[in-house]
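Visitor: Dropping in coords_33.pdb, with PDB, C-alpha atoms.
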```pdb
ATOM      1  CA  MET J 187       0.000   0.000   0.000
ATOM      2  CA  LYS J 188       2.677   2.412   1.090
ATOM      3  CA  ARG J 189       4.913   1.276  -1.737
ATOM      4  CA  SER J 190       2.252   1.896  -4.366
ATOM      5  CA  ARG J 191       1.659   5.333  -2.890
ATOM      6  CA  GLU J 192       5.360   6.042  -3.103
ATOM      7  CA  GLU J 193       5.424   4.926  -6.706
ATOM      8  CA  ALA J 194       2.415   7.054  -7.549
ATOM      9  CA  ALA J 195       4.079  10.061  -5.943
ATOM     10  CA  THR J 196       7.263   9.468  -7.889
ATOM     11  CA  GLU J 197       5.405   9.119 -11.168
ATOM     12  CA  LEU J 198       3.370  12.214 -10.504
ATOM     13  CA  PHE J 199       6.483  14.195  -9.717
ATOM     14  CA  ALA J 200       8.225  13.056 -12.874
ATOM     15  CA  ALA J 201       5.204  13.838 -15.017
ATOM     16  CA  LEU J 202       4.074  17.127 -13.546
ATOM     17  CA  TYR J 203       6.979  18.900 -11.937
ATOM     18  CA  PRO J 204       8.718  20.120 -15.115
ATOM     19  CA  ARG J 205       5.489  21.390 -16.546
ATOM     20  CA  LEU J 206       4.363  23.080 -13.340
ATOM     21  CA  ALA J 207       7.753  24.645 -12.781
ATOM     22  CA  GLY J 208       7.776  25.829 -16.390
ATOM     23  CA  TRP J 209       4.380  27.410 -15.924
ATOM     24  CA  CYS J 210       5.579  29.099 -12.741
ATOM     25  CA  ARG J 211       8.636  30.322 -14.583
ATOM     26  CA  ARG J 212       6.373  32.281 -16.903
ATOM     27  CA  LEU J 213       4.913  34.041 -13.905
ATOM     28  CA  VAL J 214       7.918  34.838 -11.744
ATOM     29  CA  ASP J 215      11.246  36.470 -12.286
ATOM     30  CA  ASP J 216      13.751  33.660 -12.041
ATOM     31  CA  ASP J 217      14.194  29.919 -12.125
ATOM     32  CA  GLU J 218      14.896  29.673  -8.430
ATOM     33  CA  THR J 219      11.584  31.258  -7.476
ATOM     34  CA  ALA J 220       9.783  29.034  -9.962
ATOM     35  CA  HIS J 221      11.382  25.970  -8.378
ATOM     36  CA  GLU J 222      10.472  27.223  -4.916
ATOM     37  CA  VAL J 223       6.841  27.688  -5.860
ATOM     38  CA  ALA J 224       6.593  24.319  -7.583
ATOM     39  CA  SER J 225       8.350  22.574  -4.714
ATOM     40  CA  GLU J 226       6.095  24.175  -2.153
ATOM     41  CA  ALA J 227       3.050  23.073  -4.128
ATOM     42  CA  PHE J 228       4.344  19.501  -4.165
ATOM     43  CA  THR J 229       5.215  19.649  -0.484
ATOM     44  CA  ARG J 230       1.697  20.749   0.359
ATOM     45  CA  LEU J 231       0.296  18.045  -1.847
ATOM     46  CA  TRP J 232       2.314  15.270  -0.236
ATOM     47  CA  ALA J 233       1.739  16.546   3.254
ATOM     48  CA  ARG J 234      -1.943  15.774   2.690
ATOM     49  CA  TRP J 235      -1.507  13.152   0.038
ATOM     50  CA  THR J 236      -4.316  10.901   1.181
ATOM     51  CA  SER J 237      -6.960  13.602   1.286
ATOM     52  CA  VAL J 238      -6.362  15.133  -2.147
ATOM     53  CA  ALA J 239      -8.602  13.657  -4.794
ATOM     54  CA  GLU J 240      -7.212  15.466  -7.818
ATOM     55  CA  PRO J 241      -3.487  16.123  -7.407
ATOM     56  CA  ARG J 242      -3.049  17.873 -10.740
ATOM     57  CA  GLY J 243      -5.658  20.511 -10.054
ATOM     58  CA  PHE J 244      -4.464  20.897  -6.486
ATOM     59  CA  LEU J 245      -0.938  21.573  -7.713
ATOM     60  CA  TYR J 246      -1.922  24.245 -10.205
ATOM     61  CA  VAL J 247      -4.318  26.066  -7.900
ATOM     62  CA  THR J 248      -1.774  25.965  -5.075
ATOM     63  CA  ALA J 249       0.974  27.205  -7.355
ATOM     64  CA  ALA J 250      -1.245  30.032  -8.625
ATOM     65  CA  ASN J 251      -1.986  31.106  -5.061
ATOM     66  CA  LEU J 252       1.695  30.958  -4.161
ATOM     67  CA  VAL J 253       2.587  33.035  -7.199
ATOM     68  CA  ARG J 254      -0.040  35.584  -6.243
ATOM     69  CA  ASP J 255       1.423  35.728  -2.707
ATOM     70  CA  HIS J 256       4.854  36.192  -4.234
ATOM     71  CA  TRP J 257       3.624  39.118  -6.289
ATOM     72  CA  ARG J 258       1.981  40.696  -3.267
ATOM     73  CA  LYS J 259       5.185  40.354  -1.314
ATOM     74  CA  LEU J 260       7.165  41.964  -4.121
ATOM     75  CA  GLU J 261       4.617  44.758  -4.298
ATOM     76  CA  ARG J 262       4.870  45.411  -0.569
ATOM     77  CA  GLU J 263       8.637  45.509  -0.784
ATOM     78  CA  ARG J 264       8.488  47.809  -3.763
ATOM     79  CA  ARG J 265       6.155  50.184  -1.946
ATOM     80  CA  ALA J 266       8.329  50.142   1.147
ATOM     81  CA  VAL J 267      11.390  50.999  -0.875
ATOM     82  CA  HIS J 268       9.411  53.580  -2.822
ATOM     83  CA  ARG J 269       8.460  55.307   0.388
ATOM     84  CA  ALA J 270      12.100  55.534   1.334
ATOM     85  CA  THR J 271      13.670  56.469  -1.979
ATOM     86  CA  VAL J 272      12.853  57.998  -5.320
ATOM     87  CA  GLU J 273      10.450  56.060  -7.449
ATOM     88  CA  ALA J 274      12.680  56.092 -10.502
ATOM     89  CA  ALA J 275      15.389  54.306  -8.633
ATOM     90  CA  VAL J 276      13.171  51.485  -7.518
ATOM     91  CA  ARG J 277      11.516  50.514 -10.745
ATOM     92  CA  PRO J 278      11.721  46.788 -11.019
ATOM     93  CA  GLU J 279      14.647  45.883 -13.156
ATOM     94  CA  ASN J 280      12.900  43.181 -15.093
ATOM     95  CA  GLU J 281       9.185  43.071 -15.504
ATOM     96  CA  GLN J 282       7.448  39.766 -15.672
ATOM     97  CA  ALA J 283       8.564  37.762 -18.630
ATOM     98  CA  ASP J 284       4.986  37.032 -19.564
ATOM     99  CA  PRO J 285       2.690  39.765 -18.255
ATOM    100  CA  SER J 286      -0.257  38.272 -20.076
ATOM    101  CA  VAL J 287      -0.170  35.196 -17.898
ATOM    102  CA  ARG J 288       0.276  37.393 -14.901
ATOM    103  CA  LEU J 289      -2.846  39.185 -16.016
ATOM    104  CA  LEU J 290      -4.607  35.875 -16.053
ATOM    105  CA  VAL J 291      -3.861  35.122 -12.452
ATOM    106  CA  GLN J 292      -3.935  38.634 -11.104
ATOM    107  CA  SER J 293      -7.012  40.080 -12.696
ATOM    108  CA  LEU J 294      -9.410  37.201 -12.355
ATOM    109  CA  PRO J 295     -11.372  36.517  -9.201
ATOM    110  CA  GLU J 296     -10.689  33.151  -7.692
ATOM    111  CA  ARG J 297     -14.014  31.777  -8.787
ATOM    112  CA  LEU J 298     -13.052  32.328 -12.411
ATOM    113  CA  ARG J 299      -9.339  31.757 -12.091
ATOM    114  CA  VAL J 300      -9.583  28.194 -10.818
ATOM    115  CA  PRO J 301     -11.527  26.816 -13.816
ATOM    116  CA  ILE J 302      -9.193  28.601 -16.230
ATOM    117  CA  LEU J 303      -6.128  27.181 -14.525
ATOM    118  CA  LEU J 304      -7.530  23.691 -14.362
ATOM    119  CA  HIS J 305      -8.909  23.654 -17.867
ATOM    120  CA  TYR J 306      -6.176  25.378 -19.832
ATOM    121  CA  TYR J 307      -3.051  24.707 -17.787
ATOM    122  CA  ALA J 308      -3.714  21.525 -15.892
ATOM    123  CA  ASP J 309      -5.214  20.123 -19.080
ATOM    124  CA  MET J 310      -8.383  18.914 -17.431
ATOM    125  CA  PRO J 311     -11.592  18.481 -19.411
ATOM    126  CA  ILE J 312     -14.660  20.374 -18.308
ATOM    127  CA  ARG J 313     -16.122  17.216 -16.808
ATOM    128  CA  GLU J 314     -13.204  16.899 -14.420
ATOM    129  CA  VAL J 315     -13.176  20.587 -13.601
ATOM    130  CA  SER J 316     -16.834  20.296 -12.800
ATOM    131  CA  ALA J 317     -16.242  17.355 -10.489
ATOM    132  CA  LEU J 318     -13.322  19.044  -8.800
ATOM    133  CA  THR J 319     -14.952  22.397  -8.193
ATOM    134  CA  GLY J 320     -18.338  20.933  -7.352
ATOM    135  CA  ARG J 321     -20.033  23.020 -10.009
ATOM    136  CA  LYS J 322     -22.240  21.837 -12.829
ATOM    137  CA  GLU J 323     -20.663  21.487 -16.233
ATOM    138  CA  GLY J 324     -22.847  24.283 -17.570
ATOM    139  CA  THR J 325     -21.694  26.509 -14.741
ATOM    140  CA  VAL J 326     -18.072  25.717 -15.476
ATOM    141  CA  LYS J 327     -18.589  26.595 -19.134
ATOM    142  CA  ALA J 328     -20.246  29.840 -18.139
ATOM    143  CA  ASP J 329     -17.379  30.607 -15.756
ATOM    144  CA  LEU J 330     -14.838  29.932 -18.477
ATOM    145  CA  HIS J 331     -16.726  32.188 -20.836
ATOM    146  CA  ALA J 332     -16.935  34.968 -18.247
ATOM    147  CA  ALA J 333     -13.237  34.604 -17.502
ATOM    148  CA  ARG J 334     -12.324  34.853 -21.168
ATOM    149  CA  GLU J 335     -14.444  37.963 -21.588
ATOM    150  CA  LEU J 336     -12.830  39.538 -18.571
ATOM    151  CA  LEU J 337      -9.379  38.710 -19.866
ATOM    152  CA  ARG J 338     -10.217  40.128 -23.268
ATOM    153  CA  ALA J 339     -11.323  43.353 -21.673
ATOM    154  CA  HIS J 340      -8.130  43.524 -19.627
ATOM    155  CA  LEU J 341      -6.031  42.812 -22.669
ATOM    156  CA  ARG J 342      -7.795  45.484 -24.700
ATOM    157  CA  ARG J 343      -7.233  47.996 -21.940
ATOM    158  CA  SER J 344      -3.559  47.159 -21.614
ATOM    159  CA  LEU J 345      -3.115  47.358 -25.381
ATOM    160  CA  ASP J 346      -4.767  50.787 -25.390
ATOM    161  CA  HIS J 347      -2.358  51.900 -22.691
ATOM    162  CA  THR J 348       0.647  50.790 -24.616
ATOM    163  CA  LEU J 349      -0.422  52.465 -27.865
TER     164      LEU J 349
ATOM    165  CA  MET Y 208      -4.111  21.903 -24.791
ATOM    166  CA  ILE Y 209      -6.745  24.427 -25.751
ATOM    167  CA  THR Y 210      -8.418  22.159 -28.228
ATOM    168  CA  HIS Y 211     -10.810  20.381 -25.941
ATOM    169  CA  SER Y 212     -13.545  19.004 -28.083
ATOM    170  CA  ASP Y 213     -16.167  18.986 -25.378
ATOM    171  CA  ASP Y 214     -16.294  22.665 -24.649
ATOM    172  CA  GLY Y 215     -16.632  24.019 -28.156
ATOM    173  CA  PRO Y 216     -14.614  26.731 -29.805
ATOM    174  CA  ASP Y 217     -13.164  28.975 -27.125
ATOM    175  CA  PHE Y 218     -11.535  31.554 -29.316
ATOM    176  CA  GLU Y 219     -10.057  32.006 -32.736
ATOM    177  CA  PRO Y 220      -6.361  31.332 -33.236
ATOM    178  CA  ASP Y 221      -5.704  35.022 -33.792
ATOM    179  CA  ASP Y 222      -7.532  35.921 -30.602
ATOM    180  CA  PRO Y 223      -5.208  37.656 -28.161
ATOM    181  CA  LEU Y 224      -6.454  35.256 -25.562
ATOM    182  CA  ALA Y 225      -4.618  32.515 -27.354
ATOM    183  CA  VAL Y 226      -1.445  34.165 -26.148
ATOM    184  CA  ILE Y 227      -2.540  34.025 -22.562
ATOM    185  CA  LEU Y 228      -4.106  30.622 -22.631
ATOM    186  CA  ARG Y 229      -1.468  28.932 -24.656
ATOM    187  CA  PRO Y 230      -0.036  25.794 -23.186
ATOM    188  CA  THR Y 231       3.128  25.898 -21.195
ATOM    189  CA  SER Y 232       5.879  25.877 -23.739
ATOM    190  CA  GLU Y 233       8.852  25.617 -21.470
ATOM    191  CA  TYR Y 234       9.647  22.856 -19.069
ATOM    192  CA  LEU Y 235      11.802  23.302 -16.039
ATOM    193  CA  GLY Y 236      13.389  20.094 -14.887
ATOM    194  CA  PRO Y 237      13.855  19.578 -11.167
ATOM    195  CA  PRO Y 238      17.338  20.187  -9.782
ATOM    196  CA  PRO Y 239      19.094  17.089  -8.432
ATOM    197  CA  GLY Y 240      17.908  16.052  -5.024
ATOM    198  CA  ARG Y 241      14.784  18.178  -5.219
ATOM    199  CA  PHE Y 242      12.469  15.177  -5.073
ATOM    200  CA  GLU Y 243      14.014  13.868  -1.862
ATOM    201  CA  ALA Y 244      14.006  17.333  -0.333
ATOM    202  CA  ILE Y 245      10.324  17.769  -1.086
ATOM    203  CA  ARG Y 246       9.520  14.335   0.300
ATOM    204  CA  ARG Y 247      11.427  15.081   3.500
ATOM    205  CA  GLY Y 248       9.728  18.435   3.874
ATOM    206  CA  ALA Y 249       6.321  16.895   3.345
ATOM    207  CA  ALA Y 250       6.997  14.156   5.892
ATOM    208  CA  ARG Y 251       8.197  16.717   8.433
ATOM    209  CA  ARG Y 252       5.148  18.861   7.871
ATOM    210  CA  LYS Y 253       2.884  15.853   8.204
ATOM    211  CA  LEU Y 254       4.521  14.957  11.498
ATOM    212  CA  LEU Y 255       4.221  18.502  12.756
ATOM    213  CA  ARG Y 256       0.580  18.583  11.859
ATOM    214  CA  ALA Y 257      -0.029  15.300  13.636
ATOM    215  CA  ALA Y 258       1.790  16.564  16.730
ATOM    216  CA  ALA Y 259      -0.139  19.798  16.679
ATOM    217  CA  GLY Y 260      -3.367  17.859  16.328
ATOM    218  CA  ALA Y 261      -2.489  15.631  19.255
ATOM    219  CA  GLY Y 262      -1.558  18.635  21.364
ATOM    220  CA  LEU Y 263      -4.777  20.372  20.492
ATOM    221  CA  LEU Y 264      -6.711  17.253  21.377
ATOM    222  CA  CYS Y 265      -4.983  17.062  24.756
ATOM    223  CA  ALA Y 266      -5.683  20.724  25.419
ATOM    224  CA  VAL Y 267      -9.342  20.347  24.535
ATOM    225  CA  THR Y 268      -9.620  17.232  26.675
ATOM    226  CA  ALA Y 269      -8.042  19.049  29.592
ATOM    227  CA  LEU Y 270     -10.319  22.027  29.098
ATOM    228  CA  VAL Y 271     -13.360  19.785  29.116
ATOM    229  CA  ALA Y 272     -12.262  17.484  31.894
ATOM    230  CA  LEU Y 273     -11.017  20.111  34.316
ATOM    231  CA  PRO Y 274     -14.292  21.985  34.819
ATOM    232  CA  VAL Y 275     -16.130  18.690  35.118
ATOM    233  CA  ARG Y 276     -13.726  17.535  37.765
ATOM    234  CA  LEU Y 277     -13.852  20.817  39.619
ATOM    235  CA  ALA Y 278     -17.625  20.951  39.459
ATOM    236  CA  ALA Y 279     -17.988  17.544  41.099
ATOM    237  CA  PRO Y 280     -19.578  17.708  44.631
ATOM    238  CA  ASP Y 281     -17.108  17.858  47.486
ATOM    239  CA  ARG Y 282     -16.724  14.582  49.211
ATOM    240  CA  PRO Y 283     -16.926  14.487  53.059
ATOM    241  CA  ALA Y 284     -13.616  15.066  54.658
ATOM    242  CA  SER Y 285     -12.411  11.583  55.354
ATOM    243  CA  PRO Y 286      -8.680  11.658  55.562
ATOM    244  CA  THR Y 287      -8.818  10.586  59.228
ATOM    245  CA  VAL Y 288     -10.385   7.256  58.425
ATOM    246  CA  PRO Y 289      -7.235   5.178  58.973
ATOM    247  CA  LEU Y 290      -6.743   6.625  62.450
ATOM    248  CA  ALA Y 291      -8.362   4.273  64.924
ATOM    249  CA  PRO Y 292      -9.235   5.402  68.427
ATOM    250  CA  PRO Y 293      -6.957   4.111  71.172
ATOM    251  CA  PRO Y 294      -8.182   0.859  72.758
ATOM    252  CA  ALA Y 295     -10.060   1.219  76.018
ATOM    253  CA  SER Y 296      -8.071  -1.604  77.678
ATOM    254  CA  SER Y 297      -4.743  -0.031  77.073
ATOM    255  CA  PRO Y 298      -2.115  -0.155  79.821
ATOM    256  CA  PRO Y 299      -2.398   2.504  82.495
ATOM    257  CA  ALA Y 300      -0.912   5.865  81.862
ATOM    258  CA  THR Y 301       1.492   5.560  84.745
ATOM    259  CA  SER Y 302       3.664   3.081  82.950
ATOM    260  CA  THR Y 303       6.086   4.449  80.459
ATOM    261  CA  PRO Y 304       4.260   4.496  77.158
ATOM    262  CA  PRO Y 305       5.833   2.284  74.570
ATOM    263  CA  PRO Y 306       6.492   3.836  71.167
ATOM    264  CA  THR Y 307       3.816   1.768  69.491
ATOM    265  CA  PRO Y 308       0.694   0.472  71.117
ATOM    266  CA  LYS Y 309       0.763  -2.857  69.320
ATOM    267  CA  PRO Y 310       3.814  -4.416  71.025
ATOM    268  CA  ALA Y 311       2.560  -3.266  74.363
ATOM    269  CA  GLU Y 312      -0.742  -4.930  73.805
ATOM    270  CA  SER Y 313       0.780  -8.182  72.671
ATOM    271  CA  TYR Y 314       3.139  -8.054  75.540
ATOM    272  CA  ALA Y 315       0.316  -7.521  77.942
ATOM    273  CA  THR Y 316      -1.659 -10.388  76.554
ATOM    274  CA  GLY Y 317       1.329 -12.701  76.436
ATOM    275  CA  THR Y 318       2.022 -12.398  80.100
ATOM    276  CA  SER Y 319      -0.294 -11.606  82.933
ATOM    277  CA  PRO Y 320      -1.722  -8.136  82.837
ATOM    278  CA  SER Y 321      -0.271  -7.240  86.134
ATOM    279  CA  ALA Y 322       3.147  -8.638  85.409
ATOM    280  CA  GLY Y 323       3.899  -6.115  82.764
ATOM    281  CA  PRO Y 324       3.776  -2.992  84.789
ATOM    282  CA  SER Y 325       5.040  -4.591  87.930
ATOM    283  CA  THR Y 326       8.330  -5.830  86.594
ATOM    284  CA  PRO Y 327       9.803  -2.476  85.812
ATOM    285  CA  THR Y 328       8.825  -1.070  89.144
ATOM    286  CA  GLY Y 329       9.878  -4.084  91.222
ATOM    287  CA  ARG Y 330      13.147  -5.002  89.660
ATOM    288  CA  PRO Y 331      15.201  -1.905  90.240
ATOM    289  CA  ALA Y 332      14.599  -2.104  93.925
ATOM    290  CA  ASP Y 333      15.608  -5.746  94.011
ATOM    291  CA  VAL Y 334      18.669  -5.564  91.933
ATOM    292  CA  PRO Y 335      20.704  -3.003  93.845
ATOM    293  CA  GLY Y 336      19.757  -4.537  97.107
ATOM    294  CA  SER Y 337      20.815  -8.094  96.280
ATOM    295  CA  SER Y 338      23.903  -7.129  94.452
ATOM    296  CA  PRO Y 339      26.572  -9.305  96.200
ATOM    297  CA  SER Y 340      24.636 -12.485  96.808
ATOM    298  CA  SER Y 341      22.168 -12.526  94.090
ATOM    299  CA  LYS Y 342      23.015 -15.772  92.366
ATOM    300  CA  PRO Y 343      19.488 -17.093  92.429
ATOM    301  CA  THR Y 344      18.083 -13.764  91.412
ATOM    302  CA  ARG Y 345      20.527 -13.605  88.602
ATOM    303  CA  THR Y 346      18.988 -16.674  87.141
ATOM    304  CA  GLU Y 347      15.658 -14.987  87.472
ATOM    305  CA  ALA Y 348      16.711 -11.881  85.757
ATOM    306  CA  PRO Y 349      17.164 -13.323  82.260
ATOM    307  CA  ALA Y 350      13.675 -14.663  82.410
ATOM    308  CA  THR Y 351      12.328 -11.178  82.714
ATOM    309  CA  LEU Y 352      14.841  -9.768  80.326
ATOM    310  CA  PRO Y 353      13.016  -9.993  77.035
ATOM    311  CA  SER Y 354      10.120  -7.995  78.240
ATOM    312  CA  PRO Y 355      11.835  -4.709  78.914
ATOM    313  CA  THR Y 356      14.269  -4.888  76.063
ATOM    314  CA  PRO Y 357      11.905  -3.501  73.420
ATOM    315  CA  THR Y 358      11.240  -0.401  75.458
ATOM    316  CA  PRO Y 359      13.895   2.233  75.358
ATOM    317  CA  THR Y 360      13.561   2.946  79.056
ATOM    318  CA  SER Y 361      14.407  -0.604  80.046
ATOM    319  CA  LYS Y 362      18.129  -0.079  79.822
ATOM    320  CA  SER Y 363      18.358   1.319  83.280
ATOM    321  CA  HIS Y 364      16.309  -1.552  84.659
ATOM    322  CA  GLN Y 365      18.262  -4.356  83.102
ATOM    323  CA  PRO Y 366      19.136  -6.739  85.933
ATOM    324  CA  SER Y 367      21.623  -8.632  83.869
ATOM    325  CA  VAL Y 368      23.974  -5.696  83.767
ATOM    326  CA  ALA Y 369      23.430  -4.961  87.390
ATOM    327  CA  GLY Y 370      23.796  -8.601  88.234
ATOM    328  CA  ASP Y 371      26.930  -9.082  86.230
ATOM    329  CA  ALA Y 372      28.655  -6.129  87.663
ATOM    330  CA  PRO Y 373      28.638  -7.321  91.231
ATOM    331  CA  GLU Y 374      29.701 -10.785  90.186
ATOM    332  CA  ALA Y 375      32.533  -9.517  88.119
ATOM    333  CA  THR Y 376      33.825  -7.231  90.814
ATOM    334  CA  PRO Y 377      36.124  -9.120  93.152
ATOM    335  CA  SER Y 378      35.569  -6.646  95.910
ATOM    336  CA  SER Y 379      32.174  -8.110  96.577
ATOM    337  CA  GLY Y 380      33.571 -11.432  97.588
TER     338      GLY Y 380
END
```
For this file, write the structure as structure tokens.
Guide:
Amino acid sequence: MKRSREEAATELFAALYPRLAGWCRRLVDDDETAHEVASEAFTRLWARWTSVAEPRGFLYVTAANLVRDHWRKLERERRAVHRATVEAAVRPENEQADPSVRLLVQSLPERLRVPILLHYYADMPIREVSALTGRKEGTVKADLHAARELLRAHLRRSLDHTL
Amino acid sequence: MITHSDDGPDFEPDDPLAVILRPTSEYLGPPPGRFEAIRRGAARRKLLRAAAGAGLLCAVTALVALPVRLAAPDRPASPTVPLAPPPASSPPATSTPPPTPKPAESYATGTSPSAGPSTPTGRPADVPGSSPSSKPTRTEAPATLPSPTPTPTSKSHQPSVAGDAPEATPSSG
């Protein structure tokens, strides 16, 4: 029993870690932070291994929350430094490599973010997302649609700003 | 990844959303030893959680049990139960009280009730008086010896010592 659980954990790690860490890498500044986020997600998963029904979804949602916490922490630090020094001097040296993905996680409310993450990044069909979130399939589809519309609006706004 | 057949067309390929919702293109392999480190961390965290749960359980149990225990009705004060009253037929108060009543009682029952108290009072008078020629009395003395020996006060009344001393001294003869 324990052996099969160990094997399942090993297989899951081999299959999902590179992908999850790669996804995190798109959201954070450096490889080390991406590894930290992915590792923490796996640690949380294995600390409650027996009670998690859908490890893939758990990993992505946990990683998204950790990334969001990381951003908040960076923002707090940036504000603290900004209060002490001139703003020009504290501009972040490198912006997010992929701000569009950041937009995805940052702009969406959790209710809409979770289905998007599970469906598009954890590669789960709507049926599984529905089972995992406890919502009806129609509701999940509606949530996905609402999330896409919201993202479109955000994208349009950001494009207008840049032009 | 975005071509799930069961949810219909999400967006056109030229939709800007396709940029956001594109599948993860890059993979980041785990550094060496990362798997073991994560496993260790997870096991430690599991243990900590179990310990915290056990501690919480103990605290809750104590919180529940303590008021119940304190709210229980006070029992009658009965710590003096083992103390028995002194027996009515105890030896008279005039005799030197032995340290424990039990030996005195057994002593009194073993011999005659009057013999107990009388021996200490009678002997001292006899012993000094019959010191030089007390051969017969000397043989008597050991018979009464065991009785006073348990009592601490019997040392002064021991006839054997008194009897031996006169016999050993040549001046008596």
Visitor: What residues in chain J have any atom no more than 8 Å from chain Y when counting all atoms listed in the file, and can you write them as an mmCIF file with C-alpha atoms, in the frame of the given file?
Guide:
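And here's part_10.cif as it stands now:
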```
data_model
loop_
_atom_site.group_PDB
_atom_site.id
_atom_site.type_symbol
_atom_site.label_atom_id
_atom_site.label_comp_id
_atom_site.auth_asym_id
_atom_site.auth_seq_id
_atom_site.Cartn_x
_atom_site.Cartn_y
_atom_site.Cartn_z
ATOM 1 C CA PHE J 199 6.483 14.195 -9.717
ATOM 2 C CA TYR J 203 6.979 18.900 -11.937
ATOM 3 C CA PRO J 204 8.718 20.120 -15.115
ATOM 4 C CA ARG J 205 5.489 21.390 -16.546
ATOM 5 C CA LEU J 206 4.363 23.080 -13.340
ATOM 6 C CA ALA J 207 7.753 24.645 -12.781
ATOM 7 C CA GLY J 208 7.776 25.829 -16.390
ATOM 8 C CA TRP J 209 4.380 27.410 -15.924
ATOM 9 C CA ARG J 211 8.636 30.322 -14.583
ATOM 10 C CA HIS J 221 11.382 25.970 -8.378
ATOM 11 C CA SER J 225 8.350 22.574 -4.714
ATOM 12 C CA GLU J 226 6.095 24.175 -2.153
ATOM 13 C CA PHE J 228 4.344 19.501 -4.165
ATOM 14 C CA THR J 229 5.215 19.649 -0.484
ATOM 15 C CA ARG J 230 1.697 20.749 0.359
ATOM 16 C CA TRP J 232 2.314 15.270 -0.236
ATOM 17 C CA ALA J 233 1.739 16.546 3.254
ATOM 18 C CA ARG J 234 -1.943 15.774 2.690
ATOM 19 C CA SER J 286 -0.257 38.272 -20.076
ATOM 20 C CA VAL J 287 -0.170 35.196 -17.898
ATOM 21 C CA LEU J 290 -4.607 35.875 -16.053
ATOM 22 C CA TYR J 306 -6.176 25.378 -19.832
ATOM 23 C CA TYR J 307 -3.051 24.707 -17.787
ATOM 24 C CA ASP J 309 -5.214 20.123 -19.080
ATOM 25 C CA PRO J 311 -11.592 18.481 -19.411
ATOM 26 C CA ILE J 312 -14.660 20.374 -18.308
ATOM 27 C CA LYS J 327 -18.589 26.595 -19.134
ATOM 28 C CA HIS J 331 -16.726 32.188 -20.836
ATOM 29 C CA ARG J 334 -12.324 34.853 -21.168
ATOM 30 C CA LEU J 337 -9.379 38.710 -19.866
ATOM 31 C CA ARG J 338 -10.217 40.128 -23.268
ATOM 32 C CA LEU J 341 -6.031 42.812 -22.669
#
```
Visitor: Could you tell me how far CA of Arg191 in chain J sits from CA of Thr236 in chain J, in Å to one decimal place?
Guide: 9.1 Å
Visitor: So that I can check the surroundings of Val247 in chain J, please list as a list in words every protein, DNA and RNA residue that reaches within 9 Å of it, counting all atoms listed in the file and ignoring chain neighbours fewer than 3 positions away.
Guide: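 Selected residues are Ala227, Arg242, Gly243, Phe244, Ala250, Asn251, Leu252, Arg299, Val300, Leu303 and Leu304 of chain J.
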Visitor: Select, from J:Leu294, J:Arg254, J:Pro241, J:Arg321, the residue with the minimum atom-to-atom distance to Ala201 in chain J, counting only C-alpha atoms.
Guide: J:Pro241
Visitor: Have a look at CA of Ala239 in chain J and CA of Leu318 in chain J and let me know their distance in Å, one decimal.
Guide: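 Between CA of Ala239 in chain J and CA of Leu318 in chain J the gap works out to 8.2 Å.
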Visitor: Around all the atoms of range 260-274 of chain J listed in the file, draw an axis-aligned box and extend it by 6 Å on each of the six sides; I want its centre and edge lengths in Å to one decimal, as JSON.
Guide:
```
{"center_x": 9.1, "center_y": 50.0, "center_z": -4.6, "size_x": 21.1, "size_y": 28.0, "size_z": 23.8}
```
Visitor: To verify the selection step, state as a ChimeraX atom specification which residues the PyMOL selection byres ((chain J and resi 256) around 12) yields on this input.
Guide: /J:210,213-215,219-220,222-223,249-255,257-263,288,292
Visitor: Kindly give the distance, in Å, that separates CA of Ser190 in chain J and CA of Trp235 in chain J, rounded to a single decimal.
Guide: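 CA of Ser190 in chain J sits 12.7 Å away from CA of Trp235 in chain J.
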Visitor: Using all atoms listed in the file, can you tell me which of J:Arg264, J:Gly324, J:Ala333, J:Met310 comes closest to Pro295 in chain J?
Guide: J:Ala333
